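The data block below is my_file.tsv; it holds TSV, C-alpha atoms.
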chain	number	residue	atom	x	y	z
U	1	MET	CA	119.26	70.58	115.19
U	2	LEU	CA	121.91	70.83	112.49
U	3	THR	CA	121.59	70.65	108.73
U	4	ALA	CA	124.48	69.39	106.61
U	5	LEU	CA	125.56	71.52	103.64
U	6	VAL	CA	128.05	70.52	100.96
U	7	LEU	CA	130.90	73.00	100.83
U	8	GLY	CA	131.68	72.13	97.23
U	9	ALA	CA	128.68	74.19	96.03
U	10	GLY	CA	130.72	77.35	96.62
U	11	CYS	CA	129.77	80.71	98.07
U	12	ARG	CA	128.39	83.16	95.52
U	13	ALA	CA	127.19	85.87	97.91
U	14	THR	CA	129.14	88.52	99.74
U	15	ALA	CA	127.83	90.61	102.60
U	16	PRO	CA	127.20	94.31	101.89
U	17	GLY	CA	130.10	96.54	102.75
U	18	THR	CA	132.67	93.73	102.73
U	19	GLY	CA	133.86	94.14	99.14
U	20	GLY	CA	134.55	91.14	96.95
U	21	SER	CA	133.17	90.21	93.54
U	22	SER	CA	129.64	90.96	92.33
U	23	ARG	CA	127.20	89.19	94.62
U	24	GLU	CA	124.29	87.14	93.42
U	25	TYR	CA	120.99	88.90	93.99
U	26	VAL	CA	117.77	86.94	94.39
U	27	PRO	CA	114.65	88.84	95.56
U	28	ALA	CA	112.71	87.16	98.35
U	29	GLU	CA	110.04	86.28	95.78
U	30	ILE	CA	112.51	84.28	93.68
U	31	GLN	CA	114.06	81.34	95.44
U	32	PRO	CA	116.48	78.57	94.40
U	33	GLY	CA	115.07	75.22	93.40
U	34	PRO	CA	114.77	72.20	95.75
U	35	GLY	CA	118.11	70.97	97.01
U	36	GLU	CA	119.86	74.32	96.58
U	37	SER	CA	118.80	75.81	99.90
U	38	ILE	CA	118.25	74.69	103.47
U	39	VAL	CA	114.66	74.57	104.74
U	40	SER	CA	113.56	77.67	106.60
U	41	GLU	CA	112.40	76.71	110.09
U	42	SER	CA	109.08	78.45	110.75
U	43	THR	CA	105.59	77.73	112.06
U	44	VAL	CA	102.12	78.97	111.16
U	45	ASP	CA	100.97	81.81	113.43
U	46	THR	CA	97.80	80.05	114.60
U	47	ARG	CA	97.73	82.13	117.80
U	48	ASN	CA	97.59	85.38	115.80
U	49	ARG	CA	100.53	86.89	117.66
U	50	TYR	CA	101.71	88.57	114.44
U	51	LEU	CA	98.31	89.73	113.21
U	52	ALA	CA	99.81	93.05	112.08
U	53	THR	CA	101.79	91.19	109.39
U	54	VAL	CA	99.63	91.38	106.28
U	55	LEU	CA	99.52	89.84	102.81
U	56	VAL	CA	100.23	92.45	100.12
U	57	ASP	CA	99.23	92.41	96.45
U	58	GLY	CA	100.83	95.33	94.68
U	59	GLY	CA	100.74	93.83	91.21
U	60	ARG	CA	104.11	92.06	91.37
U	61	GLY	CA	103.00	88.81	92.96
U	62	PRO	CA	102.35	87.98	96.61
U	63	CYS	CA	104.34	89.98	99.15
U	64	SER	CA	104.12	90.73	102.85
U	65	GLY	CA	103.87	93.94	104.86
U	66	VAL	CA	103.32	95.17	108.40
U	67	LEU	CA	100.89	97.63	109.95
U	68	VAL	CA	102.87	100.48	111.59
U	69	ALA	CA	99.93	102.86	112.19
U	70	PRO	CA	96.13	102.41	112.20
U	71	ARG	CA	95.94	103.07	108.44
U	72	LEU	CA	99.53	102.61	107.30
U	73	VAL	CA	101.28	99.46	106.05
U	74	LEU	CA	105.04	99.34	105.49
U	75	THR	CA	106.32	97.01	102.75
U	76	ALA	CA	109.18	96.67	100.24
U	77	GLY	CA	109.40	99.13	97.36
U	78	HIS	CA	109.99	96.35	94.82
U	79	CYS	CA	106.63	94.83	95.84
U	80	VAL	CA	104.72	97.79	94.39
U	81	CYS	CA	107.11	99.22	91.78
U	82	SER	CA	108.24	97.46	88.59
U	83	PRO	CA	111.61	97.37	86.81
U	84	HIS	CA	112.19	99.33	83.62
U	85	SER	CA	115.02	99.21	81.09
U	86	LEU	CA	118.09	101.39	81.33
U	87	PRO	CA	120.07	102.58	78.29
U	88	VAL	CA	123.71	101.56	78.61
U	89	ALA	CA	126.70	102.39	76.41
U	90	ASP	CA	128.05	98.84	76.28
U	91	GLY	CA	124.74	97.41	75.04
U	92	GLU	CA	124.34	95.08	78.03
U	93	GLY	CA	120.75	94.92	79.20
U	94	ARG	CA	120.14	96.52	82.59
U	95	THR	CA	117.03	97.38	84.55
U	96	MET	CA	116.13	99.56	87.50
U	97	ILE	CA	113.32	99.81	90.00
U	98	ASP	CA	112.55	103.34	91.17
U	99	THR	CA	109.46	105.51	91.53
U	100	THR	CA	108.94	105.69	87.73
U	101	VAL	CA	106.66	102.64	87.35
U	102	CYS	CA	104.64	101.99	90.50
U	103	SER	CA	101.15	100.72	91.11
U	104	PRO	CA	98.88	103.54	92.31
U	105	THR	CA	97.08	101.20	94.72
U	106	ALA	CA	97.61	97.87	96.44
U	107	THR	CA	95.39	95.41	98.29
U	108	ILE	CA	96.21	93.91	101.66
U	109	LYS	CA	94.68	90.98	103.47
U	110	ILE	CA	94.59	90.67	107.23
U	111	VAL	CA	94.41	86.99	108.05
U	112	THR	CA	92.95	85.70	111.32
U	113	TYR	CA	93.36	82.04	112.23
U	114	GLU	CA	90.30	80.67	114.02
U	115	PRO	CA	90.48	77.94	116.74
U	116	ASP	CA	89.23	75.41	114.19
U	117	GLY	CA	92.22	76.19	111.99
U	118	VAL	CA	90.24	78.09	109.36
U	119	ALA	CA	91.93	81.25	108.06
U	120	ARG	CA	89.63	84.24	107.58
U	121	ALA	CA	90.86	87.18	105.52
U	122	HIS	CA	89.66	90.78	105.41
U	123	GLU	CA	90.69	92.91	102.43
U	124	HIS	CA	91.63	96.58	102.52
U	125	MET	CA	92.69	98.88	99.68
U	126	GLY	CA	95.52	101.37	100.04
U	127	ALA	CA	97.26	104.11	98.07
U	128	VAL	CA	100.92	103.39	97.28
U	129	ARG	CA	103.67	105.81	98.34
U	130	PRO	CA	107.21	104.53	97.71
U	131	HIS	CA	110.26	106.14	99.29
U	132	ASP	CA	111.32	109.01	97.03
U	133	GLN	CA	114.89	107.67	96.90
U	134	LEU	CA	113.89	104.11	95.96
U	135	GLU	CA	116.43	102.74	93.51
U	136	VAL	CA	117.47	99.15	92.81
U	137	ARG	CA	119.68	98.49	89.78
U	138	TYR	CA	120.20	95.09	88.11
U	139	ASP	CA	122.49	93.81	85.40
U	140	GLY	CA	121.38	91.68	82.46
U	141	GLN	CA	121.36	88.54	84.64
U	142	ASN	CA	119.08	90.16	87.23
U	143	LYS	CA	121.95	90.53	89.69
U	144	GLU	CA	121.89	93.57	91.93
U	145	LEU	CA	124.37	96.28	91.10
U	146	SER	CA	123.22	98.76	93.74
U	147	SER	CA	120.25	99.40	96.01
U	148	ARG	CA	118.80	101.99	98.34
U	149	ALA	CA	115.52	102.82	100.11
U	150	ASP	CA	113.69	99.62	99.11
U	151	ILE	CA	110.57	100.52	101.11
U	152	ALA	CA	107.08	101.90	100.51
U	153	VAL	CA	103.93	102.61	102.50
U	154	LEU	CA	100.32	101.79	101.71
U	155	VAL	CA	97.81	104.31	103.03
U	156	LEU	CA	94.65	102.32	103.71
U	157	ALA	CA	91.21	103.70	102.97
U	158	ASP	CA	89.94	102.48	106.34
U	159	LYS	CA	91.33	101.22	109.65
U	160	PRO	CA	91.51	97.43	110.09
U	161	ALA	CA	89.53	96.50	113.20
U	162	GLY	CA	91.21	94.72	116.08
U	163	VAL	CA	94.78	94.96	114.76
U	164	LYS	CA	97.45	96.68	116.83
U	165	PRO	CA	100.24	98.37	114.83
U	166	VAL	CA	103.84	97.37	115.52
U	167	PRO	CA	106.03	100.07	117.11
U	168	LEU	CA	109.19	101.16	115.28
U	169	ALA	CA	112.62	100.47	116.72
U	170	MET	CA	114.65	103.58	117.49
U	171	GLU	CA	118.00	101.80	117.77
U	172	GLN	CA	119.91	99.83	115.14
U	173	VAL	CA	120.22	96.07	115.46
U	174	GLN	CA	123.47	94.60	116.75
U	175	TYR	CA	125.52	91.62	115.67
U	176	ASN	CA	124.27	88.31	117.12
U	177	GLN	CA	120.97	89.80	118.38
U	178	PRO	CA	118.04	87.35	118.20
U	179	VAL	CA	115.20	88.37	115.88
U	180	THR	CA	111.88	87.01	114.66
U	181	LEU	CA	111.01	86.91	110.94
U	182	VAL	CA	107.36	86.91	109.83
U	183	GLY	CA	105.77	86.65	106.39
U	184	TYR	CA	103.46	84.82	104.02
U	185	GLY	CA	106.20	83.28	101.91
U	186	ASP	CA	106.91	79.74	100.75
U	187	ASP	CA	107.93	77.45	103.60
U	188	GLY	CA	110.41	75.67	101.34
U	189	LEU	CA	108.28	72.55	101.26
U	190	GLY	CA	105.60	73.76	98.86
U	191	GLY	CA	103.35	75.49	101.40
U	192	ARG	CA	102.56	79.16	100.81
U	193	GLY	CA	100.06	81.88	101.65
U	194	LEU	CA	100.14	81.18	105.40
U	195	ARG	CA	101.50	83.64	107.95
U	196	ARG	CA	104.61	81.99	109.33
U	197	SER	CA	107.16	83.05	111.92
U	198	GLY	CA	110.56	81.84	113.01
U	199	THR	CA	113.71	83.01	114.77
U	200	ASN	CA	117.25	83.76	113.68
U	201	GLU	CA	120.02	86.22	114.54
U	202	ILE	CA	121.79	89.25	113.07
U	203	ALA	CA	124.76	88.17	110.96
U	204	SER	CA	126.08	91.63	110.01
U	205	VAL	CA	125.09	95.28	109.61
U	206	GLU	CA	125.95	97.15	106.41
U	207	GLU	CA	128.55	99.86	106.95
U	208	SER	CA	126.11	102.72	106.31
U	209	GLY	CA	123.49	101.07	108.53
U	210	SER	CA	120.85	101.06	105.78
U	211	THR	CA	120.51	97.26	105.66
U	212	PHE	CA	121.46	94.21	107.71
U	213	LEU	CA	121.83	90.49	107.15
U	214	VAL	CA	120.12	87.71	109.08
U	215	GLY	CA	121.61	84.22	109.23
U	216	LYS	CA	123.30	81.57	111.33
U	217	PRO	CA	127.07	81.07	111.08
U	218	VAL	CA	128.43	78.16	109.06
U	219	LEU	CA	130.62	75.79	111.07
U	220	PHE	CA	132.70	72.69	110.56
U	221	ARG	CA	130.97	69.54	111.74
U	222	GLN	CA	132.43	68.39	115.04
U	223	PRO	CA	134.54	66.36	115.43
U	224	TYR	CA	136.25	67.49	112.25
U	225	ARG	CA	137.80	64.79	110.07
U	226	ALA	CA	140.80	65.55	107.87
U	227	LYS	CA	139.84	66.62	104.31
U	228	GLU	CA	136.13	66.54	105.16
U	229	ARG	CA	134.10	68.89	102.94
U	230	VAL	CA	130.92	69.13	104.98
U	231	LEU	CA	129.69	72.16	106.91
U	232	VAL	CA	126.89	72.27	109.45
U	233	ARG	CA	124.53	75.02	110.37
U	234	GLU	CA	121.90	75.52	113.02
U	235	LYS	CA	118.40	75.60	111.55
U	236	ALA	CA	116.59	78.92	111.61
U	237	ALA	CA	114.06	81.08	109.74
U	238	TYR	CA	114.95	82.79	106.44
U	239	SER	CA	113.02	84.94	103.98
U	240	ARG	CA	111.25	82.98	101.26
U	241	LYS	CA	109.17	83.55	98.15
U	242	GLY	CA	106.45	86.02	99.14
U	243	ASP	CA	108.21	87.27	102.30
U	244	SER	CA	109.43	90.52	100.70
U	245	GLY	CA	108.10	93.45	102.71
U	246	GLY	CA	107.58	91.30	105.79
U	247	PRO	CA	108.84	92.35	109.22
U	248	CYS	CA	111.95	91.49	111.18
U	249	LEU	CA	111.06	91.94	114.86
U	250	ARG	CA	113.14	92.33	118.00
U	251	GLU	CA	111.88	91.89	121.54
U	252	LYS	CA	112.60	94.79	123.87
U	253	GLY	CA	111.19	95.02	127.37
U	254	GLY	CA	108.62	92.34	126.62
U	255	THR	CA	107.39	94.19	123.51
U	256	LEU	CA	108.08	93.33	119.89
U	257	GLU	CA	109.40	96.25	117.83
U	258	LEU	CA	109.99	96.50	114.10
U	259	VAL	CA	113.67	96.60	113.11
U	260	GLY	CA	113.61	95.64	109.42
U	261	ILE	CA	111.66	94.98	106.22
U	262	ALA	CA	112.47	91.92	104.08
U	263	LYS	CA	114.45	92.96	101.01
U	264	THR	CA	116.70	90.28	99.56
U	265	TYR	CA	117.69	86.64	99.72
U	266	TYR	CA	121.20	85.28	99.15
U	267	GLY	CA	121.54	81.59	98.36
U	268	SER	CA	124.33	79.05	97.87
U	269	SER	CA	126.03	77.31	100.79
U	270	VAL	CA	125.86	80.51	102.86
U	271	GLU	CA	122.19	81.34	103.26
U	272	LEU	CA	121.39	84.90	104.31
U	273	SER	CA	118.35	87.20	104.30
U	274	GLU	CA	118.80	90.94	103.87
U	275	TYR	CA	116.50	93.48	105.53
U	276	THR	CA	116.10	97.23	105.11
U	277	SER	CA	116.79	98.92	108.44
U	278	VAL	CA	113.80	100.67	110.02
U	279	SER	CA	115.98	102.83	112.28
U	280	PHE	CA	118.02	104.08	109.29
U	281	TYR	CA	114.86	105.16	107.45
U	282	GLY	CA	112.98	106.01	110.63
U	283	LYS	CA	112.65	109.71	109.88
U	284	TRP	CA	110.85	109.03	106.59
U	285	ILE	CA	108.63	106.31	108.10
U	286	ARG	CA	107.62	108.48	111.05
U	287	ALA	CA	106.84	111.36	108.68
U	288	GLU	CA	104.53	109.05	106.71
U	289	ILE	CA	102.85	107.95	109.95
U	290	ALA	CA	102.32	111.59	110.94
U	291	ARG	CA	100.99	112.37	107.48
U	292	ALA	CA	98.45	109.52	107.72
U	293	ARG	CA	97.35	110.64	111.19
U	294	GLN	CA	96.97	114.24	110.01
U	295	ALA	CA	94.69	113.02	107.22
U	296	ASP	CA	92.57	111.21	109.84
U	297	THR	CA	92.11	114.39	111.89
U	298	ASN	CA	91.09	116.33	108.79

With the file now loaded, output its structure as structure tokens.
Amino acid sequence: MLTALVLGAGCRATAPGTGGSSREYVPAEIQPGPGESIVSESTVDTRNRYLATVLVDGGRGPCSGVLVAPRLVLTAGHCVCSPHSLPVADGEGRTMIDTTVCSPTATIKIVTYEPDGVARAHEHMGAVRPHDQLEVRYDGQNKELSSRADIAVLVLADKPAGVKPVPLAMEQVQYNQPVTLVGYGDDGLGGRGLRRSGTNEIASVEESGSTFLVGKPVLFRQPYRAKERVLVREKAAYSRKGDSGGPCLREKGGTLELVGIAKTYYGSSVELSEYTSVSFYGKWIRAEIARARQADTN
């Protein structure tokens, strides 16, 4: 299916690493109003295929996360750490998220959908450990100036029963690769708090490899009519309010592996979702997994 978009709205976002003017930054928890964005195509995970995707409450509103070890949840750093003011010479207000102001603990919910459609949730508490290089800077209009290492782990007090952790991808994603996005975010139609999944593809990979963009290409409607100002785009899944920290999955050899963590949403006529690359930060994530396992043995 195709969704029509009006070109006249303009494109305010630029892909990382491509240059251009300052891009508009909108965290996955903050979405445009109705009519400003296409509807994300996703379905409720009633078969519990993505049971390892959990609901995260780190004090900054609903987020998502994913179990990567028996007692370790990976999520976004901005889900558990709060912005603080930065002193600037020009007097313009700026803020930054780093490891300065972070919640010491967070709560997760593992949601199981029963055959009768009832969702049953089990809560677990975890200690928060953000990446030591976490840093996201914003200007006075809450637009991103720079960002790095927007990830954190939650070390759970106990092991969730019956939930299999998702293996980490060792290789970086590639342009046009199909991926699956999962999270508890807004479906764009007013529904929220349900674990939803949908498919899309890799639109670009940041030059350093630290992040990548997910989104379908924008095309002219065929057949094209002279002076027509309408674009079309294949429907697909995108990150929504509450999806921050949720997983981007890739199928390899019949197994789903974790390739990214939901970080950012870019609106306007070109809709894109940005994810932090798991392979780029794999060394740190694997060290946290080993640290959690060592604690279990002790």

For a test of reading the model, state the distance in Å between CA of Ala69 (chain U) and CA of Thr211 (chain U), rounded to one decimal.
22.3 Å

Hey, can I get the axis-aligned box for region 176-181 of chain U? All listed atoms, 8 Å padding on each side, centre and edge lengths in Å to one decimal, as JSON.
{"center_x": 117.6, "center_y": 88.4, "center_z": 114.7, "size_x": 29.3, "size_y": 18.9, "size_z": 23.4}

With all atoms listed in the file counted, which protein, DNA or RNA residues have an atom no more than 9 Å from (121.2, 81.3, 115.5) in the file frame? Please answer as a PyMOL selection string.
chain U and resi 176-178+199-203+215-217+233-236

Export C-alpha atoms of the chosen residues as a compact mmCIF listing (two decimals), in the frame of the given file?
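File written: out_11.txt
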# COMPACT_ATOMS: atom_id res chain seq x y z
CA ASN U 176 124.27 88.31 117.12
CA GLN U 177 120.97 89.80 118.38
CA PRO U 178 118.04 87.35 118.20
CA THR U 199 113.71 83.01 114.77
CA ASN U 200 117.25 83.76 113.68
CA GLU U 201 120.02 86.22 114.54
CA ILE U 202 121.79 89.25 113.07
CA ALA U 203 124.76 88.17 110.96
CA GLY U 215 121.61 84.22 109.23
CA LYS U 216 123.30 81.57 111.33
CA PRO U 217 127.07 81.07 111.08
CA ARG U 233 124.53 75.02 110.37
CA GLU U 234 121.90 75.52 113.02
CA LYS U 235 118.40 75.60 111.55
CA ALA U 236 116.59 78.92 111.61

Please work out which residues fall within 7 Å of (94.8, 79.6, 113.2), coordinates as given in the file, with all atoms listed in the file counting, and return them as a VMD selection string.
chain U and resid 45 to 48 112 to 115 117 to 119

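With only C-alpha atoms as the atoms that count, the minimum distance from Thr95 (chain U) to the choices U:Arg250, U:Arg225, U:Arg137, U:Lys143 is reached by U:Arg137.
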
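Going from CA of Val56 (chain U) to CA of Val80 (chain U) covers 9.0 Å.
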
Separation of CA of Gly126 (chain U) and CA of Thr107 (chain U), in Å?
6.2 Å

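For Ala76 (chain U), the residues within 8 Å (counting only C-alpha atoms, excluding itself and residues fewer than 5 positions away along the chain) are Gly65, Asp150, Ile151, Ala152, Ser244, Gly245, Gly246, Ile261, Ala262 and Lys263 of chain U.
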
Filtering to C-alpha atoms, could you give me those residues as a PDB file, in the coordinates of the input?
ATOM      1  CA  GLY U  65     103.870  93.940 104.860  1.00  0.00           C
ATOM      2  CA  ASP U 150     113.690  99.620  99.110  1.00  0.00           C
ATOM      3  CA  ILE U 151     110.570 100.520 101.110  1.00  0.00           C
ATOM      4  CA  ALA U 152     107.080 101.900 100.510  1.00  0.00           C
ATOM      5  CA  SER U 244     109.430  90.520 100.700  1.00  0.00           C
ATOM      6  CA  GLY U 245     108.100  93.450 102.710  1.00  0.00           C
ATOM      7  CA  GLY U 246     107.580  91.300 105.790  1.00  0.00           C
ATOM      8  CA  ILE U 261     111.660  94.980 106.220  1.00  0.00           C
ATOM      9  CA  ALA U 262     112.470  91.920 104.080  1.00  0.00           C
ATOM     10  CA  LYS U 263     114.450  92.960 101.010  1.00  0.00           C
TER      11      LYS U 263
END

Within 9 Å of region 270-280 of chain U, counting all atoms listed in the file, which residues qualify if same-chain residues fewer than 2 places away don't, as a ChimeraX atom specification?
/U:10-13,15,28,37-38,76,148-151,168-173,203,208-218,238-240,245,247-248,258-268,282-283,285

Quick one: residues within 8 Å of region 153-157 of chain U, all atoms listed in the file counted, chain neighbours fewer than 4 positions away excluded, as a PyMOL selection string?
chain U and resi 71-75+105-106+124-131+288+292

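With all atoms listed in the file as the atoms that count, the residue of U:Glu41, U:Asp158, U:Glu257, U:Asp57 with the shortest distance to Gly198 (chain U) is U:Glu41.
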
From U:Thr43, U:Gln174, U:Ser85, U:Ser103, residue lying nearest Arg60 (chain U) [only C-alpha atoms]
U:Ser103

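Near Pro165 (chain U), within 7 Å and counting all atoms listed in the file, sit U:Ala52, U:Leu67, U:Val68, U:Ala69, U:Pro70, not including residues fewer than 5 positions from it in the same chain.
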
Show which residues sit within 9 Å of Pro62 (chain U), as a PyMOL selection string. Count only C-alpha atoms, and ignore same-chain residues fewer than 5 positions away.
chain U and resi 29+55-57+79+184-185+193+241-244
